[in-house]
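Structure file model_8.cif (mmCIF, C-alpha atoms and all ligand atoms) follows.
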data_query
#
loop_
_atom_site.label_atom_id
_atom_site.label_comp_id
_atom_site.auth_asym_id
_atom_site.auth_seq_id
_atom_site.Cartn_x
_atom_site.Cartn_y
_atom_site.Cartn_z
CA MET V 1 -19.64 -10.61 -10.48
CA SER V 2 -20.58 -6.92 -10.65
CA GLY V 3 -19.21 -4.29 -8.26
CA GLU V 4 -22.67 -3.97 -6.72
CA ASP V 5 -22.87 -7.69 -5.95
CA LEU V 6 -19.48 -7.47 -4.29
CA ILE V 7 -20.67 -4.62 -2.06
CA ALA V 8 -23.83 -6.53 -1.09
CA ARG V 9 -21.80 -9.65 -0.22
CA ARG V 10 -19.34 -7.55 1.75
CA ARG V 11 -22.12 -5.88 3.74
CA ARG V 12 -23.81 -9.19 4.47
CA LEU V 13 -20.65 -10.95 5.56
CA LEU V 14 -18.45 -8.23 6.99
CA GLY V 15 -21.14 -5.94 8.41
CA ARG V 16 -22.75 -2.83 7.05
CA HIS V 17 -20.36 -0.51 8.87
CA VAL V 18 -17.27 -1.95 7.20
CA THR V 19 -15.78 1.06 5.47
CA THR V 20 -15.20 1.63 1.78
CA PHE V 21 -13.18 4.69 0.85
CA TYR V 22 -15.21 6.09 -2.02
CA GLU V 23 -18.85 6.71 -3.05
CA GLU V 24 -18.09 4.38 -5.93
CA PRO V 25 -16.11 1.74 -4.01
CA PHE V 26 -12.86 0.72 -5.62
CA ALA V 27 -12.16 -2.98 -6.22
CA PRO V 28 -8.61 -3.45 -7.46
CA VAL V 29 -7.59 -6.87 -8.73
CA ARG V 30 -3.88 -6.28 -9.30
CA GLY V 31 -1.16 -3.94 -8.11
CA GLU V 32 2.26 -3.01 -9.43
CA GLY V 33 4.51 -0.21 -8.18
CA VAL V 34 2.33 2.89 -7.72
CA TRP V 35 -0.53 1.46 -9.80
CA LEU V 36 -3.68 -0.41 -8.88
CA TYR V 37 -5.73 -1.99 -11.66
CA ASP V 38 -9.47 -2.66 -11.65
CA ARG V 39 -11.02 -5.68 -13.38
CA GLU V 40 -11.28 -3.79 -16.67
CA GLY V 41 -7.53 -3.26 -16.50
CA ARG V 42 -7.84 0.50 -15.90
CA PRO V 43 -4.84 1.81 -13.97
CA HIS V 44 -5.37 4.00 -10.89
CA LEU V 45 -2.51 6.03 -9.44
CA ASP V 46 -2.17 5.07 -5.79
CA CYS V 47 -1.41 8.25 -3.85
CA TYR V 48 -2.64 7.03 -0.49
CA ASN V 49 -1.37 3.57 0.41
CA ASN V 50 1.45 3.57 2.94
CA VAL V 51 1.42 -0.19 3.41
CA PRO V 52 2.92 -1.13 -0.01
CA HIS V 53 5.75 1.16 1.01
CA VAL V 54 8.24 0.11 -1.67
CA GLY V 55 5.52 -0.33 -4.29
CA HIS V 56 2.73 -2.82 -4.79
CA CYS V 57 3.98 -6.38 -5.26
CA HIS V 58 7.65 -5.40 -5.26
CA PRO V 59 9.41 -8.40 -6.86
CA ARG V 60 12.13 -8.64 -4.20
CA VAL V 61 9.61 -8.71 -1.35
CA VAL V 62 7.36 -11.14 -3.22
CA ASP V 63 10.35 -13.38 -3.88
CA ALA V 64 11.54 -13.27 -0.24
CA ILE V 65 8.05 -14.22 1.00
CA ALA V 66 7.62 -16.98 -1.60
CA ARG V 67 11.04 -18.51 -0.98
CA GLN V 68 10.69 -18.48 2.81
CA THR V 69 7.11 -19.81 2.70
CA ALA V 70 8.35 -22.69 0.57
CA THR V 71 11.24 -23.38 2.96
CA LEU V 72 10.06 -23.01 6.56
CA ASN V 73 7.53 -21.11 8.60
CA VAL V 74 7.37 -21.67 12.36
CA HIS V 75 6.72 -19.53 15.42
CA THR V 76 9.37 -17.85 17.53
CA ARG V 77 9.69 -20.57 20.16
CA TYR V 78 11.95 -22.20 17.59
CA VAL V 79 15.29 -20.55 17.02
CA HIS V 80 15.73 -18.98 13.61
CA ASP V 81 18.28 -16.51 12.30
CA LEU V 82 16.02 -14.35 10.10
CA ILE V 83 14.35 -12.52 13.00
CA LEU V 84 17.82 -11.82 14.41
CA ASP V 85 19.18 -10.64 11.05
CA TYR V 86 16.22 -8.32 10.75
CA GLY V 87 16.32 -7.08 14.35
CA GLU V 88 20.01 -6.23 14.08
CA ARG V 89 19.47 -4.27 10.85
CA LEU V 90 16.38 -2.52 12.17
CA THR V 91 17.85 -1.48 15.50
CA ALA V 92 20.97 -0.23 13.69
CA ARG V 93 18.66 2.43 12.21
CA LEU V 94 17.75 3.68 15.69
CA GLY V 95 20.07 5.36 18.19
CA GLY V 96 19.61 6.12 21.87
CA GLY V 97 20.20 2.59 23.13
CA LEU V 98 17.06 1.31 21.34
CA SER V 99 18.52 -2.10 20.66
CA ALA V 100 15.91 -4.65 21.79
CA MET V 101 12.88 -5.75 19.77
CA ILE V 102 9.64 -7.68 19.96
CA MET V 103 7.97 -8.55 16.66
CA VAL V 104 4.18 -8.66 16.52
CA CYS V 105 1.65 -8.64 13.68
CA THR V 106 -0.13 -5.27 13.82
CA GLY V 107 0.42 -1.70 14.92
CA SER V 108 -2.35 -2.15 17.49
CA GLU V 109 -0.48 -5.02 19.11
CA ALA V 110 2.76 -3.05 19.04
CA ASN V 111 1.14 -0.13 20.88
CA ASP V 112 -0.57 -2.49 23.31
CA VAL V 113 2.84 -3.99 24.17
CA ALA V 114 4.39 -0.51 24.43
CA LEU V 115 1.76 0.59 26.96
CA ARG V 116 2.40 -2.53 29.00
CA MET V 117 6.15 -1.87 28.89
CA ALA V 118 5.56 1.57 30.38
CA GLU V 119 3.29 0.02 33.01
CA ALA V 120 5.93 -2.57 33.89
CA VAL V 121 8.71 0.02 34.22
CA THR V 122 6.74 2.60 36.22
CA GLY V 123 4.25 0.43 38.09
CA ASN V 124 1.61 2.97 37.00
CA ARG V 125 -1.34 2.86 34.60
CA GLY V 126 -1.96 6.49 33.62
CA PHE V 127 -1.33 7.51 30.00
CA ILE V 128 -1.46 10.72 28.01
CA GLY V 129 -2.30 10.94 24.30
CA THR V 130 -3.65 13.67 22.02
CA ASP V 131 -7.35 14.40 21.65
CA ASN V 132 -7.50 13.60 17.95
CA THR V 133 -5.64 10.40 17.33
CA TYR V 134 -5.80 6.67 16.62
CA HIS V 135 -3.27 4.16 17.87
CA GLY V 136 -5.11 0.91 17.16
CA ASN V 137 -7.94 -1.33 18.15
CA THR V 138 -7.08 -3.45 21.19
CA SER V 139 -9.11 -2.81 24.31
CA ALA V 140 -6.24 -0.94 25.99
CA VAL V 141 -5.20 1.07 22.94
CA SER V 142 -8.81 1.99 22.05
CA GLN V 143 -8.85 4.06 25.22
CA LEU V 144 -6.60 6.52 23.41
CA ASN V 145 -8.75 6.87 20.31
CA ALA V 146 -10.56 10.07 19.57
CA ARG V 147 -13.69 9.09 17.70
CA LYS V 148 -15.50 6.09 19.18
CA VAL V 149 -16.25 6.10 22.88
CA PRO V 150 -15.60 2.65 24.41
CA VAL V 151 -18.50 0.92 26.20
CA GLY V 152 -18.58 2.41 29.70
CA GLY V 153 -16.81 5.56 28.50
CA PHE V 154 -13.12 6.42 28.37
CA GLY V 155 -11.18 5.13 31.38
CA ASP V 156 -10.14 7.50 34.11
CA HIS V 157 -6.50 6.47 33.59
CA VAL V 158 -6.24 8.34 30.25
CA ARG V 159 -5.76 12.08 29.77
CA LYS V 160 -6.05 13.69 26.35
CA VAL V 161 -4.17 16.85 25.49
CA PRO V 162 -5.03 19.11 22.54
CA ALA V 163 -3.21 18.09 19.37
CA PRO V 164 -0.99 20.71 17.75
CA ASP V 165 -2.61 22.43 14.78
CA ASN V 166 -1.52 24.69 11.94
CA LEU V 167 -4.54 26.96 11.55
CA ALA V 168 -5.63 26.89 15.21
CA PRO V 169 -2.34 26.50 17.13
CA ILE V 170 -2.51 25.74 20.83
CA GLY V 171 -1.35 28.80 22.75
CA GLY V 172 -2.72 31.07 20.00
CA SER V 173 0.32 31.24 17.72
CA PRO V 174 2.81 28.84 16.09
CA GLU V 175 5.62 30.34 18.19
CA LYS V 176 3.81 29.57 21.45
CA GLN V 177 2.62 26.12 20.42
CA ALA V 178 5.49 24.01 21.78
CA GLU V 179 5.32 25.67 25.17
CA ALA V 180 1.53 25.43 25.27
CA PHE V 181 1.63 21.74 24.34
CA CYS V 182 4.17 21.07 27.08
CA ALA V 183 2.02 22.96 29.61
CA GLU V 184 -0.98 20.78 28.68
CA VAL V 185 1.11 17.63 29.16
CA GLU V 186 2.43 18.89 32.51
CA THR V 187 -1.11 19.55 33.72
CA ALA V 188 -2.17 16.06 32.65
CA ILE V 189 0.85 14.52 34.39
CA ALA V 190 0.02 16.33 37.64
CA ASP V 191 -3.59 15.23 37.35
CA LEU V 192 -2.63 11.58 36.86
CA GLN V 193 -0.08 11.72 39.67
CA ALA V 194 -2.82 12.94 41.98
CA SER V 195 -5.06 10.04 40.89
CA PRO V 196 -4.81 6.38 41.95
CA HIS V 197 -3.43 5.57 38.47
CA GLY V 198 -0.16 7.47 38.63
CA PHE V 199 1.71 8.43 35.48
CA ALA V 200 3.16 5.79 33.14
CA GLY V 201 3.81 7.63 29.90
CA LEU V 202 2.98 9.73 26.87
CA ILE V 203 2.18 8.12 23.53
CA LEU V 204 2.13 10.07 20.32
CA CYS V 205 2.83 9.90 16.62
CA PRO V 206 5.87 12.14 16.11
CA TYR V 207 4.35 13.41 12.84
CA PHE V 208 0.87 13.79 14.41
CA ALA V 209 -0.35 12.00 11.29
CA ASN V 210 -3.94 11.30 12.28
CA GLU V 211 -4.17 14.76 13.83
CA GLY V 212 -3.55 16.38 10.43
CA PHE V 213 0.28 16.55 10.39
CA PRO V 214 0.84 20.14 11.52
CA THR V 215 4.11 21.83 10.56
CA LEU V 216 6.31 21.67 13.65
CA PRO V 217 9.85 22.94 14.16
CA ARG V 218 12.68 20.63 15.16
CA GLY V 219 12.80 20.55 18.95
CA PHE V 220 9.03 20.98 19.24
CA LEU V 221 8.77 18.14 21.78
CA ASP V 222 12.06 18.69 23.65
CA ARG V 223 10.51 20.30 26.72
CA THR V 224 7.60 17.87 26.72
CA VAL V 225 9.93 14.86 26.63
CA GLU V 226 11.93 16.38 29.47
CA ALA V 227 8.75 16.90 31.51
CA VAL V 228 7.67 13.27 30.96
CA HIS V 229 11.07 11.97 32.05
CA LEU V 230 11.20 14.28 35.04
CA ALA V 231 7.90 12.77 36.16
CA GLY V 232 9.29 9.24 35.77
CA GLY V 233 7.23 8.40 32.68
CA LEU V 234 8.19 6.94 29.31
CA VAL V 235 7.77 8.44 25.85
CA ILE V 236 6.30 6.11 23.23
CA ALA V 237 6.73 7.18 19.59
CA ASP V 238 4.17 5.55 17.30
CA GLU V 239 6.02 5.41 13.97
CA VAL V 240 3.32 3.36 12.24
CA GLN V 241 2.72 6.16 9.72
CA PRO V 242 5.84 8.33 9.45
CA GLY V 243 8.50 5.63 9.84
CA PHE V 244 10.78 3.93 7.32
CA GLY V 245 11.92 6.97 5.36
CA ARG V 246 8.53 8.35 4.32
CA LEU V 247 9.36 11.86 5.51
CA GLY V 248 12.36 12.06 3.21
CA SER V 249 14.62 14.13 5.44
CA HIS V 250 14.80 11.46 8.15
CA PHE V 251 14.13 7.75 8.51
CA TRP V 252 11.88 8.26 11.56
CA GLY V 253 9.42 10.94 12.61
CA HIS V 254 11.07 11.33 16.03
CA GLU V 255 14.45 11.76 14.37
CA ARG V 256 12.99 14.61 12.31
CA LEU V 257 11.71 16.35 15.45
CA GLY V 258 15.04 15.64 17.14
CA PHE V 259 14.14 13.61 20.22
CA THR V 260 14.85 10.09 21.42
CA PRO V 261 11.84 8.06 22.57
CA ASP V 262 12.01 5.28 25.16
CA ILE V 263 9.87 2.99 23.03
CA VAL V 264 9.24 3.03 19.28
CA THR V 265 6.35 1.18 17.65
CA MET V 266 6.03 0.44 13.95
CA GLY V 267 3.82 -1.54 11.61
CA LYS V 268 2.01 -0.83 8.34
CA PRO V 269 4.92 -0.25 5.88
CA MET V 270 7.34 -2.53 7.64
CA ALA V 271 6.94 -5.62 5.43
CA ASN V 272 5.21 -4.04 2.42
CA GLY V 273 1.85 -5.62 3.23
CA TYR V 274 2.84 -8.86 4.91
CA PRO V 275 1.53 -8.58 8.52
CA ALA V 276 4.55 -7.49 10.51
CA ALA V 277 4.95 -4.92 13.26
CA ALA V 278 7.45 -4.30 16.04
CA VAL V 279 8.28 -2.61 19.30
CA VAL V 280 11.85 -1.43 19.74
CA THR V 281 13.14 -0.26 23.10
CA ARG V 282 16.09 -0.32 25.47
CA PRO V 283 17.07 -3.75 26.82
CA GLU V 284 16.18 -2.88 30.43
CA ILE V 285 12.64 -1.88 29.39
CA LEU V 286 12.16 -5.12 27.48
CA GLU V 287 13.48 -6.99 30.51
CA ALA V 288 11.01 -5.25 32.87
CA PHE V 289 8.16 -6.07 30.47
CA GLN V 290 9.13 -9.72 30.19
CA GLU V 291 9.40 -10.04 33.97
CA GLN V 292 5.90 -8.60 34.39
CA PHE V 293 4.06 -10.19 31.45
CA ARG V 294 4.31 -13.62 29.91
CA TYR V 295 4.20 -12.55 26.26
CA PHE V 296 4.14 -14.81 23.25
CA ASN V 297 2.86 -13.97 19.77
CA THR V 298 2.28 -17.00 17.55
CA PHE V 299 2.69 -15.29 14.20
CA GLY V 300 4.78 -12.28 15.21
CA GLY V 301 8.25 -12.40 13.70
CA ASN V 302 7.88 -15.80 12.09
CA PRO V 303 10.51 -16.51 9.42
CA VAL V 304 8.23 -15.34 6.58
CA ALA V 305 7.38 -12.08 8.37
CA ALA V 306 11.07 -11.53 9.11
CA ALA V 307 12.02 -12.30 5.49
CA ALA V 308 9.39 -9.87 4.18
CA ALA V 309 10.49 -7.13 6.59
CA LEU V 310 14.17 -7.69 5.83
CA ALA V 311 13.56 -7.53 2.07
CA THR V 312 11.52 -4.33 2.50
CA LEU V 313 14.26 -2.66 4.51
CA GLN V 314 16.86 -3.73 1.95
CA VAL V 315 14.78 -2.33 -0.91
CA ILE V 316 14.34 1.00 0.91
CA GLU V 317 18.11 1.22 1.27
CA ASP V 318 19.20 -0.23 -2.10
CA GLU V 319 16.74 1.82 -4.15
CA GLY V 320 17.38 5.04 -2.21
CA LEU V 321 13.69 5.42 -1.42
CA GLN V 322 14.13 7.83 1.47
CA GLU V 323 16.06 10.11 -0.89
CA ASN V 324 13.35 9.64 -3.52
CA ALA V 325 10.73 10.65 -0.94
CA ARG V 326 12.70 13.81 -0.24
CA ASP V 327 13.26 14.66 -3.91
CA VAL V 328 9.83 13.83 -5.37
CA GLY V 329 8.07 14.98 -2.20
CA GLY V 330 9.76 18.39 -2.44
CA TYR V 331 8.82 18.67 -6.10
CA LEU V 332 5.21 17.67 -5.41
CA LEU V 333 4.92 20.04 -2.46
CA ALA V 334 6.00 22.94 -4.70
CA ARG V 335 3.38 21.98 -7.30
CA LEU V 336 0.69 21.66 -4.62
CA CYS V 337 1.59 25.10 -3.25
CA GLU V 338 1.14 26.60 -6.74
CA ILE V 339 -2.25 24.92 -7.05
CA GLY V 340 -3.23 25.99 -3.54
CA ALA V 341 -2.46 29.62 -4.37
CA ARG V 342 -4.96 29.47 -7.24
CA HIS V 343 -7.86 28.01 -5.22
CA GLU V 344 -9.44 29.88 -2.36
CA VAL V 345 -10.70 26.70 -0.69
CA VAL V 346 -7.09 25.62 -0.04
CA ALA V 347 -6.18 27.24 3.27
CA ASP V 348 -2.87 25.47 3.85
CA VAL V 349 -0.49 23.17 1.98
CA ARG V 350 2.01 21.24 4.06
CA GLY V 351 3.91 18.07 4.80
CA ALA V 352 7.25 16.40 4.28
CA GLY V 353 8.56 13.80 1.86
CA MET V 354 5.82 11.49 0.68
CA PHE V 355 3.35 12.65 3.31
CA LEU V 356 1.62 15.80 2.13
CA GLY V 357 -1.74 17.47 2.51
CA LEU V 358 -4.03 20.35 1.62
CA GLU V 359 -6.25 21.76 4.35
CA LEU V 360 -9.57 22.92 2.90
CA MET V 361 -11.64 25.71 4.51
CA GLU V 362 -14.78 27.55 3.47
CA ASP V 363 -16.00 30.66 5.32
CA ASP V 364 -13.46 29.94 8.07
CA ARG V 365 -14.97 26.50 8.60
CA PRO V 366 -13.49 23.08 7.77
CA ALA V 367 -14.65 22.17 4.24
CA THR V 368 -15.53 18.57 5.09
CA ALA V 369 -18.14 18.03 2.36
CA SER V 370 -15.99 19.69 -0.30
CA CYS V 371 -13.03 17.51 0.68
CA ALA V 372 -15.20 14.39 0.29
CA ARG V 373 -16.39 15.60 -3.15
CA LEU V 374 -12.81 16.23 -4.19
CA VAL V 375 -11.66 12.79 -3.02
CA ASN V 376 -14.46 11.15 -5.03
CA GLU V 377 -13.81 13.27 -8.10
CA MET V 378 -10.12 12.31 -8.01
CA ARG V 379 -11.09 8.64 -7.72
CA ARG V 380 -13.35 9.00 -10.80
CA ARG V 381 -10.35 10.44 -12.61
CA GLY V 382 -8.17 7.47 -11.60
CA VAL V 383 -6.14 9.04 -8.78
CA LEU V 384 -6.56 7.61 -5.29
CA VAL V 385 -6.29 9.97 -2.30
CA HIS V 386 -8.22 10.36 0.94
CA SER V 387 -8.84 12.72 3.83
CA ALA V 388 -7.54 13.24 7.38
CA GLY V 389 -7.83 15.61 10.31
CA ARG V 390 -10.32 16.38 13.02
CA HIS V 391 -13.05 17.17 10.47
CA ASP V 392 -11.86 15.05 7.54
CA HIS V 393 -11.17 18.25 5.67
CA ILE V 394 -7.50 17.71 4.89
CA LEU V 395 -6.69 16.04 1.59
CA LYS V 396 -4.11 13.43 2.53
CA ILE V 397 -1.46 12.35 0.03
CA ARG V 398 0.73 9.45 1.09
CA PRO V 399 1.85 7.33 -1.86
CA PRO V 400 4.24 4.38 -2.00
CA LEU V 401 7.82 5.66 -1.89
CA VAL V 402 8.56 4.65 -5.49
CA PHE V 403 6.44 7.61 -6.65
CA SER V 404 8.15 9.52 -9.48
CA ARG V 405 8.08 13.17 -10.60
CA GLU V 406 5.96 12.02 -13.55
CA ASN V 407 3.49 10.47 -11.08
CA ALA V 408 3.58 13.72 -9.08
CA ASP V 409 2.69 15.70 -12.22
CA LEU V 410 -0.24 13.41 -12.97
CA LEU V 411 -1.47 13.79 -9.40
CA ALA V 412 -1.08 17.59 -9.47
CA ASP V 413 -2.73 18.00 -12.89
CA THR V 414 -5.65 15.79 -11.85
CA LEU V 415 -6.02 17.68 -8.59
CA GLU V 416 -6.16 21.00 -10.41
CA ALA V 417 -8.82 19.69 -12.79
CA ALA V 418 -10.81 18.02 -9.99
CA LEU V 419 -10.74 21.20 -7.88
CA GLY V 420 -12.29 23.03 -10.82
CA GLU V 421 -14.92 20.33 -11.31
CA ALA V 422 -15.83 19.36 -7.74
CA LEU V 423 -15.70 22.72 -5.94
C1 LIG T 1 -0.77 5.93 14.10
C2 LIG T 1 -1.34 4.55 14.05
N1 LIG T 1 -0.97 3.67 15.00
C3 LIG T 1 -1.44 2.40 15.01
C4 LIG T 1 -2.33 1.97 14.06
C5 LIG T 1 -2.87 0.57 14.13
O1 LIG T 1 -2.23 -0.28 13.24
P1 LIG T 1 -2.91 -1.65 12.80
O2 LIG T 1 -4.09 -1.32 11.94
O3 LIG T 1 -1.81 -2.37 12.06
O4 LIG T 1 -3.32 -2.36 14.04
C6 LIG T 1 -2.74 2.83 13.05
C7 LIG T 1 -3.66 2.37 12.01
O5 LIG T 1 -4.22 3.09 11.22
C8 LIG T 1 -2.23 4.16 13.05
O6 LIG T 1 -2.60 5.05 12.12
#
Using structure tokens, write down the structure from this file.
Ligand SMILES: Cc1ncc(COP(=O)(O)O)c(C=O)c1O
Amino acid sequence: MSGEDLIARRRRLLGRHVTTFYEEPFAPVRGEGVWLYDREGRPHLDCYNNVPHVGHCHPRVVDAIARQTATLNVHTRYVHDLILDYGERLTARLGGGLSAMIMVCTGSEANDVALRMAEAVTGNRGFIGTDNTYHGNTSAVSQLNARKVPVGGFGDHVRKVPAPDNLAPIGGSPEKQAEAFCAEVETAIADLQASPHGFAGLILCPYFANEGFPTLPRGFLDRTVEAVHLAGGLVIADEVQPGFGRLGSHFWGHERLGFTPDIVTMGKPMANGYPAAAVVTRPEILEAFQEQFRYFNTFGGNPVAAAAALATLQVIEDEGLQENARDVGGYLLARLCEIGARHEVVADVRGAGMFLGLELMEDDRPATASCARLVNEMRRRGVLVHSAGRHDHILKIRPPLVFSRENADLLADTLEAALGEAL
């Protein structure tokens, strides 16, 4: 069947708004490590997928899933040791008393549970998020999204504060940004406290990934976290994108910024593509949640999900992938900076570990169309990247953690050539 037939079938069955990343949609049939292969067997360098965190079809994860599927798969009303083995290993990677876990299937569910935990603890319903984010697709979590307005409009129980930014920092300068962000949060807290909703908590990605991952100093959120706690609210760190060693220097985004959240949510990379996600918190918060809500998740944390997540965590540790993210990420960042210096359209190069980006501007305006052209040109050249940010003008690079320096060179050389061709 031709690519065009596939697109027509997809539209008919899945709806015409179902997204495809590229003008010429990509239909891989096989994946291995950092490579995705189309039906002609042409390899494409995957520089965007954060779900196959330890590499596409990693043999140890595949084996763990296959063996457990062939042995037993039941829901969590039955007692099984794998979820406990995983939970103990996972929580050992988090400090601050974060020692209790609920496993779910998606990041959306994890954030939905986290919001309800904050509601249960505080008795309030008011939340604060940033004005340019995405935390998932449940009815409650959609209230925090930036782009699509829910039917009936955004609820009055949500306040959105400006997201930090590199080129247009809140407060007018990078030095004033932390204070300005905190002031925005404090205003939102006061506003919610004066409303019938009260204040339950602040949810944010500690790398501000969907916001365009601005460069923030360690301690950036210290005052904000203090203000939230002073007001009796909880801080929820959505680690769906930065977690599990991607940032190289630290295992978690919040660890890199140097604060301890009350609740941590995680998903995408957690089981290398098998649907697994989790909420980790302090035991008393989990207790309050379970007293308030009767929560059961049929597939969440089943033995296969736990086996896949456990194998993924073991691979990250055994193969030193956080260290690889730091080493190769640093090398790639240096190459991207060199390229950026040669091309006027590149206004900023930034990021950490295996999560890097180039912000593109033309005549002081976000270069949205140019970024799209660049993304498509790279895809034609067999290198898969995509865009992020408020105006989709930031080239986002976020490969599996098994990315090598050789892969980084191929990406950088292709980018240089594509910049010349597309812009
Ligand atoms: C920061 C963040 N949180 C949560 C989610 C939702 O995760 P899921 O698609 O697994 O529901 C996403 C998905 O893109 C995300 O980027």
Discussion item. As a list in words, please: the residues near Ser139 in chain V (cut-off 10 Å, all atoms listed in the file, same-chain neighbours under 5 positions excluded).
Written reply: Ser108, Asp112, Leu144 and Pro150 of chain V
Worksheet item: Can you list, as a PyMOL selection string, every protein, DNA or RNA residue that comes within 9 Å of Gly219 in chain V when you count only C-alpha atoms, leaving out same-chain residues fewer than 4 positions away?
Response: chain V and resi 178+223+256-259
Worksheet item: From the list V:Val161, V:Val54, V:Ala277, V:Ala190, which residue is nearest ligand LIG 1 (chain T) when using all atoms listed in the file?
Response: V:Ala277
Worksheet item: Excluding same-chain residues fewer than 3 positions from Ala120 in chain V, what lies within 9 Å of it counting all atoms listed in the file, as a count of residues only?
Response: 13
Residues within 7 Å of ligand LIG 1 (chain T) should be enumerated using all atoms listed in the file and returned as a compact mmCIF listing (two decimals) with C-alpha atoms, in the frame of the given file.
# COMPACT_ATOMS: atom_id res chain seq x y z
CA THR V 106 -0.13 -5.27 13.82
CA GLY V 107 0.42 -1.70 14.92
CA SER V 108 -2.35 -2.15 17.49
CA GLU V 109 -0.48 -5.02 19.11
CA ASN V 111 1.14 -0.13 20.88
CA TYR V 134 -5.80 6.67 16.62
CA HIS V 135 -3.27 4.16 17.87
CA GLY V 136 -5.11 0.91 17.16
CA ASN V 137 -7.94 -1.33 18.15
CA CYS V 205 2.83 9.90 16.62
CA ALA V 209 -0.35 12.00 11.29
CA ASN V 210 -3.94 11.30 12.28
CA ASP V 238 4.17 5.55 17.30
CA GLU V 239 6.02 5.41 13.97
CA VAL V 240 3.32 3.36 12.24
CA GLN V 241 2.72 6.16 9.72
CA GLY V 267 3.82 -1.54 11.61
CA LYS V 268 2.01 -0.83 8.34
Worksheet item: Pick the closest to Pro174 in chain V from V:Thr215, V:Thr312, V:Thr91, V:Asn302: which is it, counting all atoms listed in the file?
Response: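 Once distances to Pro174 in chain V are computed over all atoms listed in the file, the minimum belongs to V:Thr215.
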Discussion item. One number please: CA of Tyr22 in chain V to CA of Phe213 in chain V, in Å, one decimal.
Written reply: 22.4 Å
Worksheet entry | Atom-to-atom span, CA of Gly253 in chain V and CA of Arg218 in chain V, Å |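 Separation of CA of Gly253 in chain V and CA of Arg218 in chain V: 10.5 Å.
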